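Asks: My questions will all concern the structure given below.
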Amino acid sequence: MSVIFGLLKSPDENVDRSELDALAQSTERSAVDGTFMHTDRCIGLGFQPSHTTGRSWLAAQPVIDDRGNVLVFDGRLDNFKELGCELGTDAANSSDCSIVLAAFARWNGACFSKLIGDWALALWSSKQQELLFARDHAGTRSLYFKREDRRLTWSSSLQTFFEIGQCEQVEELYAARFLAGQPIGEVTPFRGIVSVLPAHSVRIVRDSVVSEMHWNPISKREICYARSVDYQDHFLTVFKSAVRRRVAPGADILAQLSGGMDSSSIVCVADQLCANGECSGQVNTLSFFDDSEPNWDERPYFTLVEAQRGKQGFHIDLSAVGQSLEFDAPSPAQLLSPVVDFGRLRLELAVQQALGTAAPKVVLSGIGGDELLGGVPTPIPELTDLLLVGHTKRFLSRSIAWSLHDKTPVVQLIYSALRTVAGLCIGSGHTAATIPPWLSRRLRERLSQRSSHPTPRLMLGKVRPSSIMNAQAWWSIVDGLPHLTPSPLLRLEYRYPYLDRDLVEFLHGVPRHELVAPGRRRAMMRSALKEILPEAILERRRKAYVARAPLSMLRAAQERIEDLFTASLSAQSGFIDPAGFREALRTTIAGDLKWMRAIFPTIAYEVWLQALARQRAGKMFGACSQRERPRSVSAMSRDDLASMVNRRIKGDSR
């Protein structure tokens, strides 16, 4: 991914190029294709390209049009031909940037809803003297900004803010959402630094900051075909288009191949497209396996795909890499946010060693397929839709069909459907039963704040209940995408075929009973891909939740974890009750797995706080003489570290 960054000052001040140079230094290690800047009085924009498509070479950014508007654009515009026809431009020979600027000249801020692809942008409107930020519908590119002392700094990398000293105080609302496992939304780990939400644009003019949604995941119409095969044909068409868009030539592409339906279908469809001459991109695969985990036997499945394509991919044995909780010496990138995957650095080293000179820039990920295509075999979305439209007879017949398959009493299914409809109407969020019991009262109160994700309450007669549930699932998907977590070693561009906008809009309009039926999850997908995927993968049972390895890690590290929380910075900051956390840890290790998923974020946040405090302590001692400096920063007492963190939380910079 490219890096875009910039600085906006008050109208009576000028941006100096040296100020942009200072911003660029933090990400220059990623600027393999150079750094380019533009300044004009109060505005300065910078661009550090990483070219991964052929079309990205058509523009020398920042791009300025004849109206004086300036654009920096990170990403790929998939519907450039359609937009070119609508705008009357030669799309094939026009860069994505020039098409975006032409669209802005025609439609102003309404143009963002017309841009289909993976992108983030910053645009300076010369006439209106306003700055606009926007991200695509799925947020496949990050973008952050901070207002401070009559100036606004923005960047697509948190590293920019960290290295120029704007990450001084931790954000309490972020801590609450992270520790509770809730969507993070617009907040970041650091106070004052805000993320532009996916599917949103932000308009900044003088002292005004206005955020608007330009795409909505809630489908207000249901797609109606006479036959199931018509849904299958439509799915196959848009899915092939989603894959084709993401395997275009321009960079080496590596697909994550787990042996599940999502990753396997991406690889097999990409192979078919290449064989038919519909695209020329070459796809290699990377697969992980662990023979020590009885519920995670992936190798028999991903080798089936490799046999079908006649090409072996890269394999990494996770048991050989080793899985353990690592608390010390996080990489510089990992100081930007808590990382739950404690062995990520070691894993990335193993990936680098396995790939060697074949290390790619682009990774294809199957994230989203399970949630969008009926991977969770629940009848509730279908039953609530039938209930709301008054189809009593079909509601009862479908309740009985699901009851016979799931062995769930019909009365219980009806009660669940009624309760779900009531919850959607009221707009109920997370209950106390879903929040880890060791979170402090203060954080629980912060969680009562309305989520930043714009999922409305159910308005009877306006939208289907399943559409609201689809939107809730959508925000959960895009909130946890891997490119949002800083990587210790590899700067990769992730592409998500299942999050393609045309595909998502189709799937959100498909009647629920076409996606999943009693005893037949992913019904439409399985039928559509029966000539493309190996049968063993199509008929594979849903993957089991992997519990053995995480539980083993907790048991092996119990003493170290309890020592980590002896003088917990999270506790001294008022975020958690350490006694409650230790009790939950002990019951989990004893076999009660209710809170196991929540334990790891709490450990990660504590490790991050302590690492952040040590890093800041190192900067504190940077000006000391060698005789005055402590022998080791880690020799600071935890009380000293806790005092420093508390001052940062309260806004005291002493």
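FYI, nothing fancy with the structure tokens labels: chains A, B, ... in order, residues from 1 per chain, ligands from 1 as they appear.
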Excluding Leu484 of chain A and residues on its chain fewer than 4 positions from it, collect all residues at most 9 Å away from it, counting only C-alpha atoms, and give them as JSON, numbers by chain.
Replies: {"A": [140, 141, 142, 479, 480]}
Asks: Just C-alpha atoms for this one: save the residues we selected as a CSV table (one decimal), in the first residue's frame.
Replies:
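New file out39.csv:
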```
chain,number,residue,atom,x,y,z
A,140,THR,CA,-9.4,-1.5,2.8
A,141,ARG,CA,-7.0,1.4,3.2
A,142,SER,CA,-6.4,3.2,6.6
A,479,ASP,CA,-13.3,-3.5,12.0
A,480,GLY,CA,-11.0,-6.5,12.3
```
Asks: Need to verify the contact set: segment 111-128 of chain A, 6 Å, only C-alpha atoms, exclusion of same-chain residues closer than 6 positions in sequence. Can you return it as a PyMOL selection string?
Replies: chain A and resi 68-79+103-104+134-136+140-141+214-215
Asks: Generate the output file for the selected residues, N, CA, C and O atoms, as an mmCIF file, in the first residue's frame.
Replies:
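Output file part-v7.cif is given in full below:
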```cif
data_model
loop_
_atom_site.group_PDB
_atom_site.id
_atom_site.type_symbol
_atom_site.label_atom_id
_atom_site.label_comp_id
_atom_site.auth_asym_id
_atom_site.auth_seq_id
_atom_site.Cartn_x
_atom_site.Cartn_y
_atom_site.Cartn_z
ATOM 1 N N GLY A 68 -7.262 23.741 -9.764
ATOM 2 C CA GLY A 68 -6.419 23.905 -8.591
ATOM 3 C C GLY A 68 -6.678 22.895 -7.499
ATOM 4 O O GLY A 68 -6.070 22.963 -6.417
ATOM 5 N N ASN A 69 -7.590 21.929 -7.731
ATOM 6 C CA ASN A 69 -7.838 20.869 -6.750
ATOM 7 C C ASN A 69 -6.649 19.909 -6.740
ATOM 8 O O ASN A 69 -6.079 19.594 -7.800
ATOM 9 N N VAL A 70 -6.290 19.438 -5.555
ATOM 10 C CA VAL A 70 -5.114 18.571 -5.401
ATOM 11 C C VAL A 70 -5.556 17.256 -4.753
ATOM 12 O O VAL A 70 -6.323 17.258 -3.780
ATOM 13 N N LEU A 71 -5.061 16.140 -5.287
ATOM 14 C CA LEU A 71 -5.476 14.819 -4.821
ATOM 15 C C LEU A 71 -4.273 13.924 -4.563
ATOM 16 O O LEU A 71 -3.324 13.889 -5.352
ATOM 17 N N VAL A 72 -4.320 13.199 -3.436
ATOM 18 C CA VAL A 72 -3.456 12.038 -3.224
ATOM 19 C C VAL A 72 -4.383 10.845 -3.023
ATOM 20 O O VAL A 72 -5.347 10.908 -2.250
ATOM 21 N N PHE A 73 -4.087 9.755 -3.726
ATOM 22 C CA PHE A 73 -5.009 8.615 -3.826
ATOM 23 C C PHE A 73 -4.219 7.331 -3.663
ATOM 24 O O PHE A 73 -3.270 7.075 -4.409
ATOM 25 N N ASP A 74 -4.589 6.544 -2.679
ATOM 26 C CA ASP A 74 -3.956 5.239 -2.452
ATOM 27 C C ASP A 74 -4.969 4.162 -2.793
ATOM 28 O O ASP A 74 -6.000 4.049 -2.123
ATOM 29 N N GLY A 75 -4.696 3.383 -3.836
ATOM 30 C CA GLY A 75 -5.607 2.287 -4.103
ATOM 31 C C GLY A 75 -5.836 2.000 -5.567
ATOM 32 O O GLY A 75 -5.017 2.309 -6.436
ATOM 33 N N ARG A 76 -7.005 1.423 -5.816
ATOM 34 C CA ARG A 76 -7.357 0.905 -7.138
ATOM 35 C C ARG A 76 -8.820 1.218 -7.412
ATOM 36 O O ARG A 76 -9.700 0.927 -6.597
ATOM 37 N N LEU A 77 -9.097 1.804 -8.571
ATOM 38 C CA LEU A 77 -10.462 2.128 -8.973
ATOM 39 C C LEU A 77 -10.929 1.057 -9.956
ATOM 40 O O LEU A 77 -10.415 0.948 -11.069
ATOM 41 N N ASP A 78 -11.915 0.247 -9.546
ATOM 42 C CA ASP A 78 -12.339 -0.883 -10.367
ATOM 43 C C ASP A 78 -13.327 -0.502 -11.472
ATOM 44 O O ASP A 78 -13.366 -1.157 -12.513
ATOM 45 N N ASN A 79 -14.116 0.518 -11.267
ATOM 46 C CA ASN A 79 -15.122 0.896 -12.266
ATOM 47 C C ASN A 79 -14.680 2.113 -13.068
ATOM 48 O O ASN A 79 -15.494 2.960 -13.435
ATOM 49 N N ALA A 103 -14.623 13.351 -11.468
ATOM 50 C CA ALA A 103 -15.866 13.019 -10.771
ATOM 51 C C ALA A 103 -16.176 14.041 -9.685
ATOM 52 O O ALA A 103 -17.338 14.437 -9.494
ATOM 53 N N PHE A 104 -15.147 14.498 -8.982
ATOM 54 C CA PHE A 104 -15.358 15.517 -7.954
ATOM 55 C C PHE A 104 -15.812 16.834 -8.579
ATOM 56 O O PHE A 104 -16.687 17.523 -8.030
ATOM 57 N N ALA A 134 -11.648 10.443 2.461
ATOM 58 C CA ALA A 134 -12.662 9.412 2.209
ATOM 59 C C ALA A 134 -11.981 8.053 2.131
ATOM 60 O O ALA A 134 -10.813 7.941 1.725
ATOM 61 N N ARG A 135 -12.731 7.027 2.537
ATOM 62 C CA ARG A 135 -12.284 5.634 2.421
ATOM 63 C C ARG A 135 -13.363 4.846 1.704
ATOM 64 O O ARG A 135 -14.547 5.201 1.742
ATOM 65 N N ASP A 136 -12.949 3.766 1.065
ATOM 66 C CA ASP A 136 -13.913 2.947 0.338
ATOM 67 C C ASP A 136 -14.894 2.268 1.287
ATOM 68 O O ASP A 136 -14.788 2.360 2.515
ATOM 69 N N THR A 140 -10.527 -0.687 3.077
ATOM 70 C CA THR A 140 -9.366 -1.523 2.767
ATOM 71 C C THR A 140 -8.051 -0.749 2.822
ATOM 72 O O THR A 140 -6.976 -1.345 2.672
ATOM 73 N N ARG A 141 -8.134 0.570 2.987
ATOM 74 C CA ARG A 141 -6.970 1.413 3.228
ATOM 75 C C ARG A 141 -7.244 2.222 4.495
ATOM 76 O O ARG A 141 -8.365 2.684 4.701
ATOM 77 N N HIS A 214 -21.120 7.581 2.691
ATOM 78 C CA HIS A 214 -21.364 7.591 1.253
ATOM 79 C C HIS A 214 -21.785 6.229 0.710
ATOM 80 O O HIS A 214 -22.094 6.101 -0.479
ATOM 81 N N TRP A 215 -21.802 5.206 1.580
ATOM 82 C CA TRP A 215 -22.302 3.879 1.177
ATOM 83 C C TRP A 215 -22.885 3.207 2.402
ATOM 84 O O TRP A 215 -22.335 3.320 3.502
#
```
Asks: Hey, can you check how far atom CA of Asp40 of chain A sits from atom CA of Ile64 of chain A?
Replies: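 These two atoms are separated by 11.2 Å.
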Asks: Mind dumping a table of every segment 464-502 of chain A residue within 6 Å of segment 358-371 of chain A, with the nearest atom pair and its distance in Å to one decimal, using only C-alpha atoms, sorted by chain and rising number, as a Markdown table?
Replies:
```
| residue | atom | partner | partner_atom | distance |
| --- | --- | --- | --- | --- |
| A:Leu492 | CA | A:Lys361 | CA | 5.2 |
| A:Glu493 | CA | A:Val362 | CA | 4.7 |
| A:Tyr494 | CA | A:Val363 | CA | 4.9 |
| A:Arg495 | CA | A:Leu364 | CA | 5.0 |
| A:Tyr496 | CA | A:Ser365 | CA | 5.2 |
| A:Tyr498 | CA | A:Gly369 | CA | 5.6 |
```
Asks: Which residue out of A:Lys9, A:Arg206, A:Arg614, A:Arg299 has the minimum interatomic distance to Ile537 of chain A when only C-alpha atoms are used?
Replies: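 Selected residue with least distance to Ile537 of chain A: A:Arg299.
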Asks: Segment 329-442 of chain A near segment 170-185 of chain A within 9 Å: what's each residue's closest atom pair and its distance in Å to one decimal, counting only C-alpha atoms, ordered by chain then ascending residue number, as a Markdown table?
Replies:
```
| residue | atom | partner | partner_atom | distance |
| --- | --- | --- | --- | --- |
| A:Pro338 | CA | A:Phe178 | CA | 8.8 |
| A:His430 | CA | A:Gln182 | CA | 8.4 |
| A:Thr434 | CA | A:Ala180 | CA | 8.0 |
| A:Ile435 | CA | A:Ala180 | CA | 5.5 |
| A:Pro436 | CA | A:Ala180 | CA | 6.2 |
| A:Leu439 | CA | A:Leu179 | CA | 7.7 |
| A:Arg442 | CA | A:Ala176 | CA | 8.8 |
```
Asks: Which residue gives the smallest distance to Arg346 of chain A among A:Ser50, A:Thr420, A:Ser487, A:Ser476, with only C-alpha atoms counted?
Replies: A:Ser487
Asks: May I have the residues within 9 Å of segment 200-203 of chain A as a list in words, using only C-alpha atoms and disregarding those fewer than 3 positions away in the same chain?
Replies: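 Final neighbour list, sorted by chain and number: Gly109, Phe112, Glu130, Leu131, Leu132, Phe133, Ala134, Arg135, Asp136, His137, Gly139, Val196, Leu197, Ser208, Val209, Val210, Ser211, Glu212, Met213, His214 and Trp215 of chain A.
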Asks: From the options A:Arg541, A:Arg464, A:Arg55, A:Arg441, which residue's atoms come nearest to Ile576 of chain A, counting only C-alpha atoms?
Replies: A:Arg441
Asks: What is the atom CA of Lys462 of chain A-atom CA of Arg227 of chain A distance in Å, reported with one decimal?
Replies: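 Atom CA of Lys462 of chain A sits 25.9 Å away from atom CA of Arg227 of chain A.
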Asks: Please measure the separation of atom CA of Leu236 of chain A and atom CA of Ala528 of chain A, giving the value in Å to one decimal.
Replies: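 About the pair atom CA of Leu236 of chain A and atom CA of Ala528 of chain A: they are 6.2 Å apart.
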Asks: Restricting the calculation to only C-alpha atoms, which member of A:Val510, A:Ile400, A:Leu489, A:Ile414 is positioned closest to Arg29 of chain A?
Replies: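 Ranking A:Val510, A:Ile400, A:Leu489, A:Ile414 by distance to Arg29 of chain A, first place goes to A:Leu489.
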Asks: Could you please write out, as a tab-separated table (two decimals) with N, CA, C and O atoms, in the first residue's frame, every residue of segment 320-532 of chain A that DSSP assigns to strand (DSSP E)?
Replies:
```
chain	number	residue	atom	x	y	z
A	362	VAL	N	1.39	-8.20	-2.45
A	362	VAL	CA	-0.07	-8.31	-2.39
A	362	VAL	C	-0.46	-9.68	-1.84
A	362	VAL	O	0.09	-10.70	-2.24
A	363	VAL	N	-1.44	-9.68	-0.93
A	363	VAL	CA	-1.97	-10.91	-0.36
A	363	VAL	C	-3.47	-10.96	-0.57
A	363	VAL	O	-4.18	-9.99	-0.27
A	364	LEU	N	-3.96	-12.07	-1.11
A	364	LEU	CA	-5.40	-12.30	-1.24
A	364	LEU	C	-5.91	-13.00	0.01
A	364	LEU	O	-5.35	-14.01	0.43
A	493	GLU	N	-0.10	-5.33	0.97
A	493	GLU	CA	-1.40	-4.84	0.53
A	493	GLU	C	-2.37	-6.02	0.53
A	493	GLU	O	-2.22	-6.96	-0.25
A	494	TYR	N	-3.34	-5.98	1.42
A	494	TYR	CA	-4.33	-7.04	1.49
A	494	TYR	C	-5.48	-6.73	0.54
A	494	TYR	O	-5.96	-5.59	0.48
A	495	ARG	N	-5.91	-7.74	-0.18
A	495	ARG	CA	-7.08	-7.63	-1.05
A	495	ARG	C	-8.10	-8.67	-0.64
A	495	ARG	O	-7.74	-9.83	-0.43
```
Asks: Near Leu515 of chain A, within 12 Å and counting only C-alpha atoms, which residues show up once chain neighbours fewer than 5 positions away are dropped, as an mmCIF file with C-alpha atoms, in the first residue's frame?
Replies:
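What follows is the written file around-v7.cif:
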```cif
data_model
loop_
_atom_site.group_PDB
_atom_site.id
_atom_site.type_symbol
_atom_site.label_atom_id
_atom_site.label_comp_id
_atom_site.auth_asym_id
_atom_site.auth_seq_id
_atom_site.Cartn_x
_atom_site.Cartn_y
_atom_site.Cartn_z
ATOM 1 C CA SER A 228 -32.377 -20.953 -7.250
ATOM 2 C CA TYR A 231 -29.080 -16.789 -7.801
ATOM 3 C CA GLN A 232 -26.206 -19.221 -8.313
ATOM 4 C CA PHE A 235 -23.245 -15.126 -7.604
ATOM 5 C CA GLY A 369 -16.929 -15.238 3.016
ATOM 6 C CA ASP A 370 -18.170 -17.059 6.095
ATOM 7 C CA GLU A 371 -20.252 -14.129 7.348
ATOM 8 C CA LEU A 372 -21.663 -13.047 3.977
ATOM 9 C CA LEU A 373 -22.513 -16.438 2.488
ATOM 10 C CA GLY A 374 -24.316 -18.213 5.306
ATOM 11 C CA GLY A 375 -21.416 -19.948 6.992
ATOM 12 C CA VAL A 376 -23.155 -19.658 10.351
ATOM 13 C CA PRO A 377 -26.134 -22.062 10.177
ATOM 14 C CA THR A 378 -28.735 -20.041 12.089
ATOM 15 C CA PRO A 379 -32.429 -19.735 11.158
ATOM 16 C CA PRO A 381 -32.473 -13.993 10.113
ATOM 17 C CA GLU A 382 -34.863 -15.942 7.896
ATOM 18 C CA PHE A 506 -25.738 -8.743 -4.245
ATOM 19 C CA LEU A 507 -25.309 -10.981 -1.202
ATOM 20 C CA HIS A 508 -27.096 -8.502 1.075
ATOM 21 C CA GLY A 509 -30.075 -8.607 -1.273
ATOM 22 C CA VAL A 510 -30.306 -12.408 -1.569
ATOM 23 C CA ARG A 520 -27.166 -27.073 4.282
ATOM 24 C CA ARG A 521 -25.049 -24.052 5.130
ATOM 25 C CA ARG A 522 -23.711 -22.051 2.176
ATOM 26 C CA ALA A 523 -26.323 -23.653 -0.064
ATOM 27 C CA MET A 524 -26.026 -21.161 -2.939
ATOM 28 C CA MET A 525 -22.223 -21.062 -2.867
ATOM 29 C CA ARG A 526 -21.840 -24.828 -2.863
ATOM 30 C CA SER A 527 -24.134 -25.251 -5.841
ATOM 31 C CA ALA A 528 -22.488 -22.434 -7.803
#
```
Asks: Which residues come within 12 Å of segment 14-28 of chain A, counting only C-alpha atoms, excluding same-chain residues fewer than 5 positions away, as an NGL selection string?
Replies: :A and (1-9 or 33-50 or 151-166 or 332-333 or 491)
Asks: Mind running segment 184-258 of chain A against segment 349-355 of chain A at 12 Å and telling me each contacting residue's nearest atom pair with the distance in Å (one decimal), counting only C-alpha atoms, chain and number ascending, as a tab-separated table?
Replies:
```
residue	atom	partner	partner_atom	distance
A:Asp252	CA	A:Leu355	CA	11.9
A:Leu254	CA	A:Leu355	CA	10.1
A:Gln256	CA	A:Val351	CA	11.8
```
Asks: Neighbouring residues of Phe395 of chain A were defined as those with any atom within 12 Å, considering only C-alpha atoms; residues of the same chain fewer than 3 positions away were excluded. Please report them as a list in words.
Replies: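 Result of the neighbour search: Pro379, Ile380, Pro381, Glu382, Leu383, Thr384, Asp385, Leu386, Leu387, Leu388, Val389, Gly390, His391, Thr392, Arg398, Ser399, Ile400, Ala401, Trp402, Val410, Leu413, Ile414, Ala417, Leu418 and His513 of chain A.
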Asks: Which one of A:Pro217, A:Ile532, A:Arg512, A:Asp66 sits closest to Val267 of chain A if you count only C-alpha atoms?
Replies: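 The closest residue to Val267 of chain A is A:Ile532.
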Asks: Per DSSP on the backbone, what are the alpha helix (DSSP H) residues of segment 50-262 of chain A, as a ChimeraX atom specification?
Replies: /A:80-87,96-107,158-163,172-180,228-246,261-262
